[in-house]
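See structure below.
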Amino acid sequence: AVSGLPKEIMTENGVSSSSSSSSSSPTWAKVLTIDNMNHAVKKVEYAGVKKPFAEVIKANIGDAHAMGQQPITFFRQVLALCSYPELLNDNTFPEDTRSRARRILQSCGGSSLGSYSASQGIDCVLQDVARYIERRDGGIPCDPDNVYLTTGASDGIMLSAVQINYYLNEERCWSMDIGELQRALEEARGYCNPRAICIINPGNPTGQVQSRQCIEDVIRFAAKERLLLMADEVYQDNVYADGCQFHSFKKVLFEMGPEYSDSVELVSFHSTSKCYMGECGFRGGYMEIINMDPEVKAQLTKLVSVRLCPPVPGQVLMDLVVNTPQPGEPSYSNFIKERTATLTALAEKAKLTEEILNTVPGIRCNPVQGAMYSFPSITIPKAAIEEATAPDMFYCMKLLEETGICLVPGSGFGQKDGTYHFRMTILPPIDKLKILLTKVKEFHQRFTNQYS
């Protein structure tokens with residue numbers, strides 16, 4: 001006999017029963033029942049309160065397709081062909097989509113997206129990324145061996161590092177200020193050993209496009225202070241404002257001459273998630289490394305080998321982003337039409353956001369020069385500041401509860417003491433964006449009146 005076994009067993013419904021036969025298995029009562037479970041859980045379904053809005057508008061994150069942006073037909077056709085190769089026999093697909101799919105599949109193990117790739121990425125994709133970088137940067141060479149395909153761009157950013165905040169110059173349309181970089185660096189050296197500086201251009205959350213002069217200044221600063229330069233350039237096609245232009249850090253670095261191009265260590269990032277693609281869910285991206293110590297590069301290669309490989313469909317999509325249809329190919333005209341329509345709509349929404357927010361007393365919005373976000377400053381009344389631990393979080397939560405609009409408080413990104421902001425995407429369709437901006441305007445007026 002097994003010690004500790006009760007003389008009586010419990011039936012399924014909890015009724016006591018004698019064990020009359022050694023051949024029958026005991027049936028135990030459920031430990032957790034509707035009667036003894038946590039009452040707070042049972043109350044949840046009855047705790048719903050009708051809100052004064054029909055839907056939650058998620059303007060807090062740059063998820064383009066979730067906000068209605070349409071995918072590029074060419075990308076999805078090639079992805080479909082690669083995912084289900086039987087479609088390669090379907091003549092309704094343009095010939096350039098089928099030839100592109102065949103080339104990609106030939107580089108996959110077993111001609112299948114379901115196979116692992118090399119840890120650094122599919123070879124033909126690495127080659128295509130390198131050629132894309134060369135074209136973008138006016139012929140400056142790119143070695144495919146210095147390219148690593150990633151799970152989006154964020155996968156390539158270093159982990160386990162101490163974050164050092166620096167502030168952009170809001171009065172100068174969120175431009176970089178070398179004096180501010182120097183202040184942040186000197187302050188940080190009191191508690192850590194800074195190794196790298198990260199720049200997002202075009203900017204998130206601030207929506208600025210840095211000038212070439214600014215980029216040169218940052219490169220000189222990184223050289224002087226011996227810092228690895230990390231350039232997040234995932235919004236490189238999202239430039240809207242007149243007079244603004246995207247300059248890659250690599251191109252500027254090499255045009256500054258060997259004094260800098262032979263020594264400054266640079267890692268630049270791009271992804272499929274932003275620009276006109278908006279394919280966040282595929283998690284495709286790449287990073288290119290410049291002037292990295294060979295032993296450090298070996299460690300990086302070892303690190304990416306541990307993760308096996310980035311998602312293969314994301315690698316395929318990254319290949320299509322850097323190797324788009326060319327003039328004369330069947331898909332070219334429709335690709336250009338869709339790409340232009342998406343970027344034109346984003347530019348219109350960037351301008352609309354700036355114009356409407358700047359009509360609201362107590363809100364000031366810099367021009368949204370690029371990327372997908374506005375980062376306006378907001379005036380919060382003294383009474384609201386005194387009531388809240390984090391005033392801009394308090395403001396955003398009130399906005400969510402009253403209007404269903406979800407924004408990110410500026411404190412989530414870091415902001416100068418005594419200033420308050422929120423980040424809002426410009427991604428909703430134009431009709432919904434107008435409604436959103438009107439609701440923000442009306443809320444801010446109510447909030448100001450309530451706490452004044």
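Every chain in the structure tokens has a letter given in the order shown (A, B, ...), and although residue numbers restart at 1 in each chain, ligands are simply numbered from 1 in the order shown.
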
Report the residues of segment 77-291 of chain A whose backbone DSSP state falls under alpha helix (DSSP H), written as a PyMOL selection string.
chain A and resi 77-83+95-106+123-136+178-188+212-225+249-255+258-261

Find the residues near Val322 of chain A: any atom within 7 Å, counting only C-alpha atoms, skip ones fewer than 4 places away on the same chain, and give them as a list in words.
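Here the qualifying residues turn out to be Asp128, Val129, Tyr132 and Met318 of chain A.
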
Residue neighbourhood Arg220 of chain A, 12 Å, only C-alpha atoms, exclusion window fewer than 5 positions, as a list in words
Ile178, Leu181, Gln213, Cys214, Ile215, Glu225, Arg226, Leu227, Leu228, Leu229, Phe249, Val252, Leu253, Met256, Gly257, Glu259, Tyr260, Ser261, Ser263, Val264 and Glu265 of chain A

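Nearest residue to Lys274 of chain A, choosing from A:Glu354, A:Glu255, A:Asp63, A:Glu387 and counting only C-alpha atoms: A:Asp63.
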
Within 12 Å of segment 421-440 of chain A: each segment 153-212 of chain A residue with its shortest pair, only C-alpha atoms, as JSON lines:
{"residue": "A:Glu170", "atom": "CA", "partner": "A:His421", "partner_atom": "CA", "distance": 11.2}
{"residue": "A:Gly203", "atom": "CA", "partner": "A:Arg423", "partner_atom": "CA", "distance": 11.8}
{"residue": "A:Asn204", "atom": "CA", "partner": "A:Arg423", "partner_atom": "CA", "distance": 8.9}
{"residue": "A:Pro205", "atom": "CA", "partner": "A:Arg423", "partner_atom": "CA", "distance": 6.2}
{"residue": "A:Thr206", "atom": "CA", "partner": "A:Arg423", "partner_atom": "CA", "distance": 7.8}
{"residue": "A:Gly207", "atom": "CA", "partner": "A:Arg423", "partner_atom": "CA", "distance": 9.7}

Residues flagged strand (DSSP E or B) by DSSP in segment 218-247 of chain A, as a VMD selection string:
chain A and resid 228 to 232 239

Pick out the residues sitting within 10 Å of Leu149 of chain A, and hand them over as a PyMOL selection string; count only C-alpha atoms, and ignore anything fewer than 4 positions along from it in its own chain.
chain A and resi 118-122+125-126+129+153+155-156+269-271+284-288+304+309-312+314-315+318-319

Leaving out Gln208 of chain A and any residue of its chain fewer than 4 positions from it, which residues lie within 12 Å of it when counting only C-alpha atoms, given as a count of residues only?
36

Looking at only C-alpha atoms, which of A:Thr353, A:Thr340, A:Gln299, A:Ser111 is the one that sits closest to Asp237 of chain A?
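Among the listed residues, A:Thr340 lies closest to Asp237 of chain A.
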
Can you work out which one of A:Leu300, A:Ala29, A:Ile336, A:Ala388 has the shortest atom-to-atom distance to Asn146 of chain A, counting only C-alpha atoms?
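Comparing A:Leu300, A:Ala29, A:Ile336, A:Ala388 against Asn146 of chain A, the winner is A:Leu300.
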
Selected residue, from A:Arg189, A:Arg364, A:Arg307, A:Arg102, that lies nearest to Leu87 of chain A when counting only C-alpha atoms:
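Smallest separation from Leu87 of chain A among the options: A:Arg102.
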
Enter the distance from atom CA of Ala347 of chain A to atom CA of Cys280 of chain A, in Å, rounded to one decimal.
20.0 Å

How many Å lie between atom CA of Cys108 of chain A and atom CA of Arg131 of chain A, rounded to one decimal?
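One can read the atom CA of Cys108 of chain A to atom CA of Arg131 of chain A distance as 20.0 Å.
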
Nearest-residue call for Leu320 of chain A, choices A:Met37, A:Met277, A:Ala390, A:Ala231, using only C-alpha atoms
A:Met277

Considering only C-alpha atoms, state which residue in the set A:Asp417, A:Glu187, A:Glu401, A:Asp262 is at the smallest distance from Val56 of chain A.
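Of A:Asp417, A:Glu187, A:Glu401, A:Asp262, the one nearest Val56 of chain A, counting only C-alpha atoms, is A:Glu401.
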
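The list of residues with at least one atom within 12 Å of Met393 of chain A, based on only C-alpha atoms and without residues fewer than 3 positions apart in the same chain, reads Ile378, Ile380, Ala384, Ile385, Glu387, Ala388, Thr389, Ala390, Cys396, Met397, Lys398, Leu399, Leu400, Cys406, Leu407, Val408, Pro409, Gly410, Ser411, Gly412, Phe413, Tyr420, His421, Phe422 and Arg423 of chain A.
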